[in-house]
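The structure appears below as structure tokens.
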Amino acid sequence: MVFGEGTTELIPGLPEEIAVECLLRIPYGSLSVARAVCRRWRLLVEDAGFFYQRKRSGHTRALICLVQALPITDAGSGGEAAPAPSQEEERRKSGNNGGAPAYGITLFDPETAYWGRLPEIPEYPSGLPLFCHMAGAGERLVAMGGWDPVTWESLRAVWVFDFCTGRWRRGADMPAALSFFACAGTSRGLVFIAGGHDGNKNAQRSAWAYRAREDAWEELPPMADERDECEGLAVAAAGDRGGAEGEEKEEDFWVVSGYATDGQGRFSGSAEAYCARTRRWRRVEGAWPEGRCPRGCAAGLVCWAEDATVRTGTCAVVAGRRVLVSGSAAPETAAAGFYWAEVGERRRGRLEAVRGLPEEFSTFVQSGCCIEI
């Protein structure tokens with residue numbers, strides 16, 4: 001790692017190697033403070049090698065980020081959250097500026113049971129764009145697309161949250177304005193997107209990769225099929241043993257289910273998997289239950305919405321060897337339950353309730369991702 005020149009010691013009185021070892025142990029919530037201490041600390045914390053070494057030495061933390069409905073606190077609601085809106089209900093509400101729910105980004109630390117919210121995106125202080133996508137790209141969190149909460153225009157905007165600064169910045173716009181596309185991030189700092197539909201409701205085959213550190217887009221070969229309302233997953237590449245503990249693993253980008261323009265709502269049981277190494281797609285038959293919408297509930301290639309406990313407003317996020325699943329048993333329920341399940345070989349594990357969930361974070365989740373900081 002090269003952290004800049006100068007004779008100033010990182011920590012006075014300590015050899016450089018020991019000082020670096022100390023700073024690798026800084027909690028993720030204090031990185032922005034450490035960055036402000038001095039120029040050398042800032043150069044160290046901002047260096048890509050710093051996060052690589054944190055990961056290799058086991059000092060990172062897996063955090064879960066959720067696009068979650070904000071509690072309704074107006075007088076007419078009595079301070080209670082609204083029942084889980086279906087995707088179709090949210091679409092119908094979109095013709096009415098005051099009717100759609102507002103969303104924020106929740107940060108959940110499973111190790112400490114901390115629940116909190118990330119700062120609002122400066123352009124959208126009253127709530128995230130509806131149906132925006134979110135993915136972890138290395139040590140950064142990327143949010144993109146969605147519908148403007150006031151004009152309902154489909155957005156190309158990209159926003160990147162840096163845990164080192166604790167701030168959002170604008171990224172390079174998406175190559176096209178798309179809705180309901182597949183999106184997944186990788187530990188190597190890439191965010192893949194594919195499918196969805198354009199402004200004329202035409203399902204797409206196109207695919208792109210966004211490099212968060214370089215803030216650049218790259219066009220990928222198109223998929224074989226059009227896939228609207230598909231789900232994106234990062235899946236460990238076949239034959240990848242992962243190397244040493246903490247090393248980055250090779251991941252394929254899976255686009256699960258979806259439907260073609262002339263097959264509105266008829267969800268496919270197939271998937272397409274993109275290998276970044278070969279730059280080729282392969283089709284996977286029987287990857288998903290035919291006719292079932294995969295949005296938000298396909299973590300680990302398992303349909304979590306089939307579990308009666310979370311069949312309404314289901315969202316599932318893979319976090320290491322476990323999956324965080326949220327939802328409720330009944331449509332009229334105003335609060336969501338949150339559960340842990342073990343990741344199995346394409347089978348649902350037993351759900352165990354998350355303990356210590358604050359009431360203000362018991363609202364429904366639209367989507368989520370896991371990021372290692």
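Note on naming: chains are A, B, ... as they come in the structure tokens, residues start from 1 per chain, ligands start from 1 in the order shown.
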
At a cut-off of 10 Å, can you tabulate as a Markdown table every residue of range 2-45 of chain A near range 154-175 of chain A together with its closest atom pair and the distance in Å to one decimal, using only C-alpha atoms and ordering rows by chain then number?
| residue | atom | partner | partner_atom | distance |
| --- | --- | --- | --- | --- |
| A:Tyr28 | CA | A:Phe163 | CA | 7.3 |
| A:Gly29 | CA | A:Phe163 | CA | 7.7 |
| A:Ser30 | CA | A:Cys164 | CA | 8.3 |
| A:Leu31 | CA | A:Cys164 | CA | 5.1 |
| A:Ser32 | CA | A:Cys164 | CA | 4.7 |
| A:Val33 | CA | A:Thr165 | CA | 8.2 |
| A:Ala34 | CA | A:Cys164 | CA | 8.5 |
| A:Arg35 | CA | A:Cys164 | CA | 6.9 |
| A:Ala36 | CA | A:Thr165 | CA | 8.9 |
| A:Arg42 | CA | A:Cys164 | CA | 8.9 |
| A:Val45 | CA | A:Cys164 | CA | 7.0 |

Check the DSSP output for the backbone and give back, as a PDB file with N, CA and C atoms, in the first residue's frame, the residues of range 50-256 of chain A in helix (DSSP H, G or I).
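Dumped to states.pdb:
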ATOM      1  N   PHE A  50      -6.212  -0.064   1.763  1.00  0.00           N
ATOM      2  CA  PHE A  50      -6.584  -0.048   3.181  1.00  0.00           C
ATOM      3  C   PHE A  50      -7.750  -0.991   3.435  1.00  0.00           C
ATOM      4  N   PHE A  51      -8.781  -0.937   2.595  1.00  0.00           N
ATOM      5  CA  PHE A  51      -9.931  -1.816   2.782  1.00  0.00           C
ATOM      6  C   PHE A  51      -9.583  -3.262   2.440  1.00  0.00           C
ATOM      7  N   TYR A  52      -8.693  -3.440   1.487  1.00  0.00           N
ATOM      8  CA  TYR A  52      -8.261  -4.799   1.164  1.00  0.00           C
ATOM      9  C   TYR A  52      -7.566  -5.424   2.371  1.00  0.00           C
ATOM     10  N   GLN A  53      -6.685  -4.651   3.019  1.00  0.00           N
ATOM     11  CA  GLN A  53      -5.979  -5.165   4.189  1.00  0.00           C
ATOM     12  C   GLN A  53      -6.924  -5.368   5.372  1.00  0.00           C
ATOM     13  N   ARG A  54      -7.905  -4.488   5.536  1.00  0.00           N
ATOM     14  CA  ARG A  54      -8.907  -4.679   6.604  1.00  0.00           C
ATOM     15  C   ARG A  54      -9.631  -6.012   6.411  1.00  0.00           C
ATOM     16  N   LYS A  55      -9.971  -6.285   5.162  1.00  0.00           N
ATOM     17  CA  LYS A  55     -10.702  -7.509   4.868  1.00  0.00           C
ATOM     18  C   LYS A  55      -9.827  -8.737   5.103  1.00  0.00           C
ATOM     19  N   ARG A  56      -8.599  -8.682   4.626  1.00  0.00           N
ATOM     20  CA  ARG A  56      -7.688  -9.826   4.790  1.00  0.00           C
ATOM     21  C   ARG A  56      -7.396 -10.110   6.254  1.00  0.00           C
ATOM     22  N   ALA A  75     -50.812  13.212  11.892  1.00  0.00           N
ATOM     23  CA  ALA A  75     -51.879  13.079  12.882  1.00  0.00           C
ATOM     24  C   ALA A  75     -52.934  12.090  12.453  1.00  0.00           C
ATOM     25  N   GLY A  76     -53.217  12.033  11.164  1.00  0.00           N
ATOM     26  CA  GLY A  76     -54.280  11.159  10.686  1.00  0.00           C
ATOM     27  C   GLY A  76     -53.943   9.693  10.792  1.00  0.00           C
ATOM     28  N   SER A  77     -52.659   9.365  10.889  1.00  0.00           N
ATOM     29  CA  SER A  77     -52.273   7.960  10.938  1.00  0.00           C
ATOM     30  C   SER A  77     -52.147   7.440  12.346  1.00  0.00           C
ATOM     31  N   GLN A  87     -46.342  -4.073  -5.192  1.00  0.00           N
ATOM     32  CA  GLN A  87     -45.714  -3.328  -6.281  1.00  0.00           C
ATOM     33  C   GLN A  87     -46.779  -2.685  -7.162  1.00  0.00           C
ATOM     34  N   GLU A  88     -47.868  -3.408  -7.406  1.00  0.00           N
ATOM     35  CA  GLU A  88     -48.934  -2.877  -8.248  1.00  0.00           C
ATOM     36  C   GLU A  88     -49.638  -1.713  -7.561  1.00  0.00           C
ATOM     37  N   GLU A  89     -49.836  -1.807  -6.236  1.00  0.00           N
ATOM     38  CA  GLU A  89     -50.470  -0.715  -5.507  1.00  0.00           C
ATOM     39  C   GLU A  89     -49.609   0.537  -5.557  1.00  0.00           C
ATOM     40  N   GLU A  90     -48.294   0.370  -5.432  1.00  0.00           N
ATOM     41  CA  GLU A  90     -47.408   1.522  -5.489  1.00  0.00           C
ATOM     42  C   GLU A  90     -47.447   2.164  -6.866  1.00  0.00           C
ATOM     43  N   ARG A  91     -47.592   1.348  -7.907  1.00  0.00           N
ATOM     44  CA  ARG A  91     -47.712   1.900  -9.257  1.00  0.00           C
ATOM     45  C   ARG A  91     -48.981   2.738  -9.379  1.00  0.00           C
ATOM     46  N   ARG A  92     -50.095   2.203  -8.851  1.00  0.00           N
ATOM     47  CA  ARG A  92     -51.354   2.947  -8.955  1.00  0.00           C
ATOM     48  C   ARG A  92     -51.263   4.272  -8.203  1.00  0.00           C
ATOM     49  N   LYS A  93     -50.586   4.246  -7.057  1.00  0.00           N
ATOM     50  CA  LYS A  93     -50.443   5.463  -6.277  1.00  0.00           C
ATOM     51  C   LYS A  93     -49.572   6.490  -6.987  1.00  0.00           C
TER      52      LYS A  93
END

*Please identify all polymer residues within 12 Å of Arg279 in chain A, counting only C-alpha atoms, omitting same-chain residues fewer than 6 positions from it, and present them as a count of residues only.*
12

*Find the spatial neighbours of Glu120 in chain A, counting only C-alpha atoms, within a cut-off of 9 Å - ignore same-chain residues fewer than 6 positions away - and output them as a VMD selection string.*
chain A and resid 104 to 105 126 to 128 168

Atoms to include: N, CA and C atoms. Write the selected residues as a PDB file, in the first residue's frame.
ATOM      1  N   GLY A 104     -36.433   5.435   3.041  1.00  0.00           N
ATOM      2  CA  GLY A 104     -35.092   5.826   3.423  1.00  0.00           C
ATOM      3  C   GLY A 104     -34.198   4.603   3.415  1.00  0.00           C
ATOM      4  N   ILE A 105     -32.907   4.795   3.711  1.00  0.00           N
ATOM      5  CA  ILE A 105     -31.968   3.673   3.756  1.00  0.00           C
ATOM      6  C   ILE A 105     -31.628   3.363   5.207  1.00  0.00           C
ATOM      7  N   SER A 126     -36.747  14.271   1.170  1.00  0.00           N
ATOM      8  CA  SER A 126     -38.021  13.764   1.693  1.00  0.00           C
ATOM      9  C   SER A 126     -38.236  12.280   1.426  1.00  0.00           C
ATOM     10  N   GLY A 127     -37.258  11.628   0.846  1.00  0.00           N
ATOM     11  CA  GLY A 127     -37.402  10.198   0.580  1.00  0.00           C
ATOM     12  C   GLY A 127     -36.724   9.800  -0.709  1.00  0.00           C
ATOM     13  N   LEU A 128     -36.303   8.556  -0.780  1.00  0.00           N
ATOM     14  CA  LEU A 128     -35.620   8.042  -1.965  1.00  0.00           C
ATOM     15  C   LEU A 128     -36.537   8.023  -3.179  1.00  0.00           C
ATOM     16  N   TRP A 168     -22.849  11.403   0.555  1.00  0.00           N
ATOM     17  CA  TRP A 168     -23.226  10.973  -0.790  1.00  0.00           C
ATOM     18  C   TRP A 168     -22.545  11.864  -1.821  1.00  0.00           C
TER      19      TRP A 168
END

*With a distance cut-off of 8 Å and only C-alpha atoms, select the neighbouring residues of range 229-237 of chain A, excluding the residue or stretch itself and same-chain residues fewer than 4 positions from it, and output the selection as a PyMOL selection string.*
chain A and resi 180-186+193-196+249-259+275+293-296+298-300

Written file, previous selection with C-alpha atoms, as a CSV table (one decimal), in the first residue's frame:
chain,number,residue,atom,x,y,z
A,180,PHE,CA,-37.5,-2.7,-12.7
A,181,PHE,CA,-34.1,-3.9,-13.9
A,182,ALA,CA,-31.9,-6.5,-12.3
A,183,CYS,CA,-29.1,-5.1,-10.1
A,184,ALA,CA,-26.3,-6.6,-8.0
A,185,GLY,CA,-23.0,-5.5,-6.6
A,186,THR,CA,-19.8,-7.5,-6.0
A,193,ILE,CA,-27.5,-4.1,-14.2
A,194,ALA,CA,-29.5,-5.8,-16.9
A,195,GLY,CA,-33.1,-6.0,-18.3
A,196,GLY,CA,-36.0,-3.9,-17.0
A,249,LYS,CA,-14.2,-14.1,-4.5
A,250,GLU,CA,-15.1,-14.3,-8.2
A,251,GLU,CA,-18.8,-13.7,-8.6
A,252,ASP,CA,-21.2,-14.3,-11.5
A,253,PHE,CA,-24.1,-11.9,-12.1
A,254,TRP,CA,-27.4,-13.8,-12.3
A,255,VAL,CA,-30.6,-12.3,-13.8
A,256,VAL,CA,-33.5,-14.3,-12.4
A,257,SER,CA,-36.9,-14.7,-14.1
A,258,GLY,CA,-38.6,-11.7,-15.7
A,259,TYR,CA,-40.8,-11.5,-18.7
A,275,CYS,CA,-19.3,-14.6,-16.2
A,293,CYS,CA,-42.4,-12.6,-9.3
A,294,PRO,CA,-38.8,-12.7,-8.1
A,295,ARG,CA,-38.5,-9.1,-7.0
A,296,GLY,CA,-36.8,-8.8,-3.6
A,298,ALA,CA,-34.8,-14.4,-4.5
A,299,ALA,CA,-31.8,-14.4,-2.1
A,300,GLY,CA,-29.8,-17.5,-2.5

*Exercise: range 304-312 of chain A partners within 6 Å, only C-alpha atoms, chain neighbours under 2 positions left out, as a PyMOL selection string*: chain A and resi 297+302+314+327-329+331

_Please extract the residues of range 125-345 of chain A with a backbone DSSP assignment of strand (DSSP E) and present them as number ranges by chain._
A: 133-137, 140-144, 158-162, 167-171, 182-185, 190-194, 207-211, 216-220, 231-236, 251-256, 271-275, 280-284, 312-319, 322-328, 337-342

*So how many Å separate CA of Thr151 in chain A and CA of Glu360 in chain A, to one decimal?*
28.1 Å

*Expressed in Å to a single decimal, how great is the separation between CA of Ala113 in chain A and CA of Gly313 in chain A?*
22.5 Å

_Gly349 in chain A environment, 10 Å, only C-alpha atoms, sequence neighbours closer than 5 positions dropped, as an MDAnalysis selection string_ = chainID A and resid 302 304 307 322:323 340:344

For the residues in that selection, give me C-alpha atoms as a compact mmCIF listing (two decimals), in the first residue's frame.
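Okay, this is what ended up in part_25.txt:
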# COMPACT_ATOMS: atom_id res chain seq x y z
CA VAL A 302 -34.74 -19.42 -2.99
CA TRP A 304 -38.70 -16.76 0.34
CA ASP A 307 -42.94 -19.09 3.50
CA ARG A 322 -27.32 -16.28 6.66
CA VAL A 323 -30.27 -14.55 5.02
CA TRP A 340 -32.74 -14.96 10.18
CA ALA A 341 -32.40 -18.14 8.15
CA GLU A 342 -29.40 -20.24 7.20
CA VAL A 343 -28.32 -20.25 3.56
CA GLY A 344 -29.00 -23.71 2.14

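Residue nearest Gly337 in chain A within the list A:Arg355, A:Arg188, A:Arg205, A:Arg211: A:Arg355 [criterion: smallest interatomic distance, only C-alpha atoms].
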
*For Val317 in chain A, the nearest of the candidates A:Cys65, A:Asp148, A:Gly189, A:Arg350, counting only C-alpha atoms*: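 Of A:Cys65, A:Asp148, A:Gly189, A:Arg350, the one nearest Val317 in chain A is A:Cys65, counting only C-alpha atoms.
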